[in-house]
file input_39.pdb (PDB, C-alpha atoms)
ATOM      1  CA  LEU Z   1      82.164  76.888 119.411  1.00  0.00           C
ATOM      2  CA  SER Z   2      80.641  74.352 121.786  1.00  0.00           C
ATOM      3  CA  ARG Z   3      78.515  77.049 123.420  1.00  0.00           C
ATOM      4  CA  LEU Z   4      77.265  78.181 120.020  1.00  0.00           C
ATOM      5  CA  GLU Z   5      76.405  74.638 119.007  1.00  0.00           C
ATOM      6  CA  SER Z   6      74.469  73.991 122.215  1.00  0.00           C
ATOM      7  CA  GLY Z   7      71.535  75.666 120.503  1.00  0.00           C
ATOM      8  CA  ALA Z   8      71.164  78.514 122.976  1.00  0.00           C
ATOM      9  CA  ALA Z   9      70.254  81.601 120.971  1.00  0.00           C
ATOM     10  CA  PRO Z  10      72.338  84.674 121.787  1.00  0.00           C
ATOM     11  CA  GLN Z  11      70.562  87.610 123.352  1.00  0.00           C
ATOM     12  CA  ARG Z  12      69.753  90.087 120.630  1.00  0.00           C
ATOM     13  CA  GLN Z  13      69.873  93.823 120.904  1.00  0.00           C
ATOM     14  CA  PRO Z  14      70.752  96.518 118.348  1.00  0.00           C
ATOM     15  CA  VAL Z  15      74.510  96.533 117.691  1.00  0.00           C
ATOM     16  CA  ALA Z  16      76.211  99.337 115.768  1.00  0.00           C
ATOM     17  CA  LEU Z  17      78.613  97.346 113.613  1.00  0.00           C
ATOM     18  CA  GLY Z  18      80.659 100.419 112.708  1.00  0.00           C
ATOM     19  CA  ALA Z  19      81.797 100.885 116.296  1.00  0.00           C
ATOM     20  CA  GLN Z  20      82.502  97.150 116.596  1.00  0.00           C
ATOM     21  CA  LEU Z  21      84.651  97.216 113.459  1.00  0.00           C
ATOM     22  CA  GLN Z  22      86.633 100.227 114.625  1.00  0.00           C
ATOM     23  CA  GLN Z  23      87.524  98.356 117.828  1.00  0.00           C
ATOM     24  CA  VAL Z  24      88.446  95.192 115.937  1.00  0.00           C
ATOM     25  CA  LEU Z  25      90.695  97.057 113.500  1.00  0.00           C
ATOM     26  CA  ALA Z  26      92.386  98.905 116.371  1.00  0.00           C
ATOM     27  CA  GLN Z  27      93.127  95.533 118.010  1.00  0.00           C
ATOM     28  CA  CYS Z  28      94.405  93.992 114.762  1.00  0.00           C
ATOM     29  CA  ALA Z  29      96.418  96.986 113.532  1.00  0.00           C
ATOM     30  CA  PRO Z  30      99.692  96.087 115.326  1.00  0.00           C
ATOM     31  CA  LEU Z  31      99.880  92.720 113.528  1.00  0.00           C
ATOM     32  CA  ALA Z  32      99.142  94.345 110.162  1.00  0.00           C
ATOM     33  CA  LEU Z  33     101.763  97.048 110.791  1.00  0.00           C
ATOM     34  CA  SER Z  34     104.361  94.437 111.757  1.00  0.00           C
ATOM     35  CA  LYS Z  35     103.858  92.895 108.307  1.00  0.00           C
ATOM     36  CA  GLY Z  36     103.901  96.249 106.498  1.00  0.00           C
ATOM     37  CA  GLN Z  37     100.264  95.791 105.481  1.00  0.00           C
ATOM     38  CA  VAL Z  38      97.707  98.505 104.825  1.00  0.00           C
ATOM     39  CA  LEU Z  39      94.505  97.989 106.829  1.00  0.00           C
ATOM     40  CA  GLU Z  40      91.545 100.116 105.695  1.00  0.00           C
ATOM     41  CA  LEU Z  41      87.983 100.588 106.900  1.00  0.00           C
ATOM     42  CA  GLU Z  42      85.369 101.981 104.538  1.00  0.00           C
ATOM     43  CA  MET Z  43      81.948 102.660 106.038  1.00  0.00           C
ATOM     44  CA  ASP Z  44      78.790 104.115 104.602  1.00  0.00           C
ATOM     45  CA  VAL Z  45      77.855 106.681 107.235  1.00  0.00           C
ATOM     46  CA  SER Z  46      74.760 107.922 105.415  1.00  0.00           C
ATOM     47  CA  GLU Z  47      72.629 105.141 106.952  1.00  0.00           C
ATOM     48  CA  PRO Z  48      73.031 103.310 110.267  1.00  0.00           C
ATOM     49  CA  CYS Z  49      74.529  99.840 109.954  1.00  0.00           C
ATOM     50  CA  SER Z  50      72.989  98.166 112.972  1.00  0.00           C
ATOM     51  CA  VAL Z  51      71.940  94.547 113.339  1.00  0.00           C
ATOM     52  CA  LEU Z  52      70.214  92.625 116.102  1.00  0.00           C
ATOM     53  CA  GLY Z  53      72.653  90.433 117.942  1.00  0.00           C
ATOM     54  CA  ASP Z  54      75.166  89.843 120.670  1.00  0.00           C
ATOM     55  CA  ALA Z  55      77.891  92.505 120.469  1.00  0.00           C
ATOM     56  CA  THR Z  56      80.604  90.224 121.868  1.00  0.00           C
ATOM     57  CA  LEU Z  57      79.892  87.434 119.388  1.00  0.00           C
ATOM     58  CA  LEU Z  58      79.698  89.859 116.472  1.00  0.00           C
ATOM     59  CA  GLY Z  59      83.076  91.248 117.536  1.00  0.00           C
ATOM     60  CA  VAL Z  60      84.513  87.709 117.538  1.00  0.00           C
ATOM     61  CA  LEU Z  61      83.143  87.130 114.029  1.00  0.00           C
ATOM     62  CA  ALA Z  62      84.720  90.338 112.702  1.00  0.00           C
ATOM     63  CA  ARG Z  63      88.010  89.740 114.497  1.00  0.00           C
ATOM     64  CA  ASN Z  64      88.338  86.225 113.075  1.00  0.00           C
ATOM     65  CA  LEU Z  65      87.770  87.504 109.539  1.00  0.00           C
ATOM     66  CA  VAL Z  66      90.190  90.434 109.831  1.00  0.00           C
ATOM     67  CA  ASP Z  67      92.810  88.362 111.655  1.00  0.00           C
ATOM     68  CA  ASN Z  68      92.676  85.687 108.941  1.00  0.00           C
ATOM     69  CA  ALA Z  69      93.074  88.304 106.204  1.00  0.00           C
ATOM     70  CA  ILE Z  70      96.145  89.719 107.945  1.00  0.00           C
ATOM     71  CA  ARG Z  71      97.739  86.376 108.815  1.00  0.00           C
ATOM     72  CA  TYR Z  72      97.222  84.715 105.439  1.00  0.00           C
ATOM     73  CA  SER Z  73      98.189  87.718 103.314  1.00  0.00           C
ATOM     74  CA  PRO Z  74     101.849  88.402 102.544  1.00  0.00           C
ATOM     75  CA  ALA Z  75     103.919  91.326 103.754  1.00  0.00           C
ATOM     76  CA  ASN Z  76     102.892  94.662 102.218  1.00  0.00           C
ATOM     77  CA  ALA Z  77      99.413  93.366 101.352  1.00  0.00           C
ATOM     78  CA  ARG Z  78      96.289  95.486 101.459  1.00  0.00           C
ATOM     79  CA  ILE Z  79      93.287  94.489 103.589  1.00  0.00           C
ATOM     80  CA  GLN Z  80      90.057  96.374 103.067  1.00  0.00           C
ATOM     81  CA  VAL Z  81      87.112  96.093 105.461  1.00  0.00           C
ATOM     82  CA  GLY Z  82      83.822  97.561 104.311  1.00  0.00           C
ATOM     83  CA  LEU Z  83      80.467  98.135 105.961  1.00  0.00           C
ATOM     84  CA  ALA Z  84      77.384  99.323 104.112  1.00  0.00           C
ATOM     85  CA  ARG Z  85      73.620  99.152 104.198  1.00  0.00           C
ATOM     86  CA  GLN Z  86      71.854  98.034 101.040  1.00  0.00           C
ATOM     87  CA  GLY Z  87      68.101  98.157 101.261  1.00  0.00           C
ATOM     88  CA  GLY Z  88      67.074  96.129 104.276  1.00  0.00           C
ATOM     89  CA  GLN Z  89      70.450  94.441 104.671  1.00  0.00           C
ATOM     90  CA  VAL Z  90      73.807  95.238 106.249  1.00  0.00           C
ATOM     91  CA  LEU Z  91      76.914  93.964 104.434  1.00  0.00           C
ATOM     92  CA  LEU Z  92      80.328  93.452 106.001  1.00  0.00           C
ATOM     93  CA  THR Z  93      83.116  92.724 103.524  1.00  0.00           C
ATOM     94  CA  VAL Z  94      86.704  91.754 104.271  1.00  0.00           C
ATOM     95  CA  GLU Z  95      88.943  91.484 101.242  1.00  0.00           C
ATOM     96  CA  ASP Z  96      92.669  91.251 100.736  1.00  0.00           C
ATOM     97  CA  SER Z  97      95.400  91.239  98.128  1.00  0.00           C
ATOM     98  CA  GLY Z  98      96.711  87.862  99.274  1.00  0.00           C
ATOM     99  CA  PRO Z  99      96.756  84.628  97.281  1.00  0.00           C
ATOM    100  CA  GLY Z 100      93.063  83.831  97.798  1.00  0.00           C
ATOM    101  CA  LEU Z 101      91.764  80.268  97.849  1.00  0.00           C
ATOM    102  CA  ASP Z 102      91.167  77.734  95.128  1.00  0.00           C
ATOM    103  CA  GLU Z 103      87.696  76.158  94.789  1.00  0.00           C
ATOM    104  CA  ALA Z 104      88.589  73.046  96.784  1.00  0.00           C
ATOM    105  CA  GLN Z 105      89.951  75.103  99.675  1.00  0.00           C
ATOM    106  CA  ALA Z 106      86.993  77.499  99.636  1.00  0.00           C
ATOM    107  CA  ALA Z 107      84.558  74.553  99.715  1.00  0.00           C
ATOM    108  CA  ARG Z 108      86.180  73.286 102.926  1.00  0.00           C
ATOM    109  CA  LEU Z 109      86.054  76.578 104.837  1.00  0.00           C
ATOM    110  CA  GLY Z 110      84.074  76.069 107.999  1.00  0.00           C
ATOM    111  CA  GLU Z 111      85.052  72.424 108.461  1.00  0.00           C
ATOM    112  CA  ARG Z 112      86.416  71.952 111.933  1.00  0.00           C
ATOM    113  CA  PHE Z 113      90.208  71.824 112.047  1.00  0.00           C
ATOM    114  CA  PHE Z 114      90.585  72.520 108.303  1.00  0.00           C
ATOM    115  CA  ARG Z 115      93.619  74.674 107.568  1.00  0.00           C
ATOM    116  CA  VAL Z 116      95.195  75.592 104.269  1.00  0.00           C
ATOM    117  CA  LEU Z 117      98.550  73.809 104.255  1.00  0.00           C
ATOM    118  CA  GLY Z 118     101.845  75.469 103.456  1.00  0.00           C
ATOM    119  CA  THR Z 119     101.032  78.880 104.894  1.00  0.00           C
ATOM    120  CA  GLY Z 120     103.364  78.644 107.879  1.00  0.00           C
ATOM    121  CA  GLU Z 121     100.687  80.200 110.090  1.00  0.00           C
ATOM    122  CA  SER Z 122      99.696  78.692 113.410  1.00  0.00           C
ATOM    123  CA  GLY Z 123      96.091  78.077 114.393  1.00  0.00           C
ATOM    124  CA  SER Z 124      93.545  75.445 115.309  1.00  0.00           C
ATOM    125  CA  GLY Z 125      91.422  75.483 112.169  1.00  0.00           C
ATOM    126  CA  LEU Z 126      88.328  76.516 114.144  1.00  0.00           C
ATOM    127  CA  GLY Z 127      88.082  80.201 113.207  1.00  0.00           C
ATOM    128  CA  TRP Z 128      85.888  79.659 110.156  1.00  0.00           C
ATOM    129  CA  SER Z 129      83.657  77.217 112.040  1.00  0.00           C
ATOM    130  CA  ILE Z 130      83.158  79.878 114.683  1.00  0.00           C
ATOM    131  CA  VAL Z 131      82.431  82.551 112.058  1.00  0.00           C
ATOM    132  CA  ARG Z 132      79.806  80.371 110.377  1.00  0.00           C
ATOM    133  CA  ARG Z 133      78.126  79.442 113.678  1.00  0.00           C
ATOM    134  CA  ILE Z 134      77.985  83.066 114.869  1.00  0.00           C
ATOM    135  CA  ALA Z 135      76.572  84.155 111.519  1.00  0.00           C
ATOM    136  CA  ALA Z 136      73.927  81.408 111.581  1.00  0.00           C
ATOM    137  CA  ALA Z 137      72.940  82.288 115.166  1.00  0.00           C
ATOM    138  CA  HIS Z 138      72.366  85.872 113.994  1.00  0.00           C
ATOM    139  CA  GLY Z 139      70.444  85.089 110.816  1.00  0.00           C
ATOM    140  CA  ALA Z 140      73.390  86.133 108.634  1.00  0.00           C
ATOM    141  CA  SER Z 141      74.883  84.490 105.571  1.00  0.00           C
ATOM    142  CA  VAL Z 142      78.587  84.171 104.735  1.00  0.00           C
ATOM    143  CA  ALA Z 143      79.883  84.040 101.163  1.00  0.00           C
ATOM    144  CA  THR Z 144      83.385  83.949  99.707  1.00  0.00           C
ATOM    145  CA  ASP Z 145      84.742  84.789  96.284  1.00  0.00           C
ATOM    146  CA  ARG Z 146      87.741  86.463  94.683  1.00  0.00           C
ATOM    147  CA  SER Z 147      88.103  90.176  95.406  1.00  0.00           C
ATOM    148  CA  PRO Z 148      87.598  92.070  92.150  1.00  0.00           C
ATOM    149  CA  ALA Z 149      89.458  95.082  93.568  1.00  0.00           C
ATOM    150  CA  LEU Z 150      92.382  93.405  95.344  1.00  0.00           C
ATOM    151  CA  GLY Z 151      92.648  89.937  93.769  1.00  0.00           C
ATOM    152  CA  GLY Z 152      92.690  87.895  96.977  1.00  0.00           C
ATOM    153  CA  LEU Z 153      89.852  86.499  99.039  1.00  0.00           C
ATOM    154  CA  ARG Z 154      86.658  88.470  99.627  1.00  0.00           C
ATOM    155  CA  VAL Z 155      84.322  87.456 102.442  1.00  0.00           C
ATOM    156  CA  THR Z 156      80.848  88.972 102.607  1.00  0.00           C
ATOM    157  CA  VAL Z 157      78.608  88.633 105.652  1.00  0.00           C
ATOM    158  CA  THR Z 158      75.015  89.768 105.138  1.00  0.00           C
ATOM    159  CA  TRP Z 159      72.478  90.450 107.909  1.00  0.00           C
ATOM    160  CA  PRO Z 160      68.958  91.795 107.990  1.00  0.00           C
ATOM    161  CA  ALA Z 161      69.247  95.420 109.187  1.00  0.00           C
ATOM    162  CA  ALA Z 162      67.949  96.192 112.681  1.00  0.00           C
TER     163      ALA Z 162
END
call {"tool": "encode", "arguments": {"input": "input_39.pdb", "output": "structure tokens"}}
result
Amino acid sequence: LSRLESGAAPQRQPVALGAQLQQVLAQCAPLALSKGQVLELEMDVSEPCSVLGDATLLGVLARNLVDNAIRYSPANARIQVGLARQGGQVLLTVEDSGPGLDEAQAARLGERFFRVLGTGESGSGLGWSIVRRIAAAHGASVATDRSPALGGLRVTVTWPAA
């Protein structure tokens, strides 16, 4: 987080987000399986979903979002990760069937060290700060709302397509 806030722009090159997401889900799958959760990836393969950025940082962004969905969703939950191109933009969505967040909690996402109390999950409260800083460094926006399909939290990250 400190390196991101130093103002140094990450080196940008075309990154195929589909391949990044497949790696992230493979890394996160054991935790989801241990909780009896279903972890799905839906990608639009009709158009390339590439963005300009640093592949390592984009992997960290995706991993933080998927890891949070797994950790803060109950056993047997469903986590759906989607990647699609819409016009000149690439959209990454991570949604779950967990409890979601109320408005006050959602408004505080991204504050350093903020954690939703009562979840029993460990962590530093920096994951969302890191996600927001990586997104900003890559010209992306991050939005949250309630998942219409699953009922829990939906996070949407939107980039200009490469």
call {"tool": "closest_residue", "arguments": {"input": "input_39.pdb", "among": "Z:Pro14, Z:Gly36, Z:Gly82, Z:Pro30", "to": "Pro160 (chain Z)", "atoms": "all atoms listed in the file"}}
result
Z:Pro14
call {"tool": "atom_distance", "arguments": {"input": "input_39.pdb", "atom1": "CA of Gln20 (chain Z)", "atom2": "CA of Ser129 (chain Z)"}}
result
20.5 Å
call {"tool": "resolve_selection", "arguments": {"input": "input_39.pdb", "expression": "the PyMOL selection byres ((chain Z and resi 42-58) around 10)", "output": "PyMOL selection string"}}
result
chain Z and resi 4+9-21+40-41+59-64+80-86+89-93+130-131+133-135+137-140+158-162
call {"tool": "closest_residue", "arguments": {"input": "input_39.pdb", "among": "Z:Ala26, Z:Val142, Z:Leu150, Z:Val38", "to": "Leu65 (chain Z)", "atoms": "all atoms listed in the file"}}
result
Z:Val142
call {"tool": "resolve_selection", "arguments": {"input": "input_39.pdb", "expression": "the PyMOL selection byres ((chain Z and resi 75) around 8)", "output": "PyMOL selection string"}}
result
chain Z and resi 35-37+73-74+76-77
call {"tool": "closest_residue", "arguments": {"input": "input_39.pdb", "among": "Z:Gly152, Z:Arg78, Z:Leu126, Z:Arg146", "to": "Gly98 (chain Z)", "atoms": "all atoms listed in the file"}}
result
Z:Gly152
call {"tool": "axis_aligned_box", "arguments": {"input": "input_39.pdb", "around": "region 63-82 of chain Z", "padding_each_side": "8 Å", "output": "lines of an AutoDock Vina configuration file"}}
result
center_x = 93.9
center_y = 91.1
center_z = 107.9
size_x = 36.1
size_y = 28.8
size_z = 29.1
call {"tool": "residues_around", "arguments": {"input": "input_39.pdb", "residues": "Asp67 (chain Z)", "least_positions_apart": "2", "cutoff": "10 Å", "atoms": "only C-alpha atoms", "output": "ChimeraX atom specification"}}
result
/Z:24-25,27-29,31-32,62-65,69-73,127
call {"tool": "write_last_selection", "arguments": {"input": "input_39.pdb", "atoms": "C-alpha atoms", "output": "PDB file, keeping the file's coordinate frame"}}
result
ATOM      1  CA  VAL Z  24      88.446  95.192 115.937  1.00  0.00           C
ATOM      2  CA  LEU Z  25      90.695  97.057 113.500  1.00  0.00           C
ATOM      3  CA  GLN Z  27      93.127  95.533 118.010  1.00  0.00           C
ATOM      4  CA  CYS Z  28      94.405  93.992 114.762  1.00  0.00           C
ATOM      5  CA  ALA Z  29      96.418  96.986 113.532  1.00  0.00           C
ATOM      6  CA  LEU Z  31      99.880  92.720 113.528  1.00  0.00           C
ATOM      7  CA  ALA Z  32      99.142  94.345 110.162  1.00  0.00           C
ATOM      8  CA  ALA Z  62      84.720  90.338 112.702  1.00  0.00           C
ATOM      9  CA  ARG Z  63      88.010  89.740 114.497  1.00  0.00           C
ATOM     10  CA  ASN Z  64      88.338  86.225 113.075  1.00  0.00           C
ATOM     11  CA  LEU Z  65      87.770  87.504 109.539  1.00  0.00           C
ATOM     12  CA  ALA Z  69      93.074  88.304 106.204  1.00  0.00           C
ATOM     13  CA  ILE Z  70      96.145  89.719 107.945  1.00  0.00           C
ATOM     14  CA  ARG Z  71      97.739  86.376 108.815  1.00  0.00           C
ATOM     15  CA  TYR Z  72      97.222  84.715 105.439  1.00  0.00           C
ATOM     16  CA  SER Z  73      98.189  87.718 103.314  1.00  0.00           C
ATOM     17  CA  GLY Z 127      88.082  80.201 113.207  1.00  0.00           C
TER      18      GLY Z 127
END
call {"tool": "atom_distance", "arguments": {"input": "input_39.pdb", "atom1": "CA of Leu101 (chain Z)", "atom2": "CA of Leu153 (chain Z)"}}
result
6.6 Å
call {"tool": "atom_distance", "arguments": {"input": "input_39.pdb", "atom1": "CA of Pro99 (chain Z)", "atom2": "CA of Gln22 (chain Z)"}}
result
25.4 Å
call {"tool": "closest_residue", "arguments": {"input": "input_39.pdb", "among": "Z:Ser141, Z:Trp128, Z:Asn68, Z:Ser147", "to": "Ser97 (chain Z)", "atoms": "only C-alpha atoms"}}
result
Z:Ser147
call {"tool": "closest_residue", "arguments": {"input": "input_39.pdb", "among": "Z:Val94, Z:Gly151, Z:Val157, Z:Gly87", "to": "Val66 (chain Z)", "atoms": "only C-alpha atoms"}}
result
Z:Val94
call {"tool": "closest_residue", "arguments": {"input": "input_39.pdb", "among": "Z:Ile79, Z:Ala136, Z:Gly88, Z:Glu103", "to": "Arg154 (chain Z)", "atoms": "all atoms listed in the file"}}
result
Z:Ile79
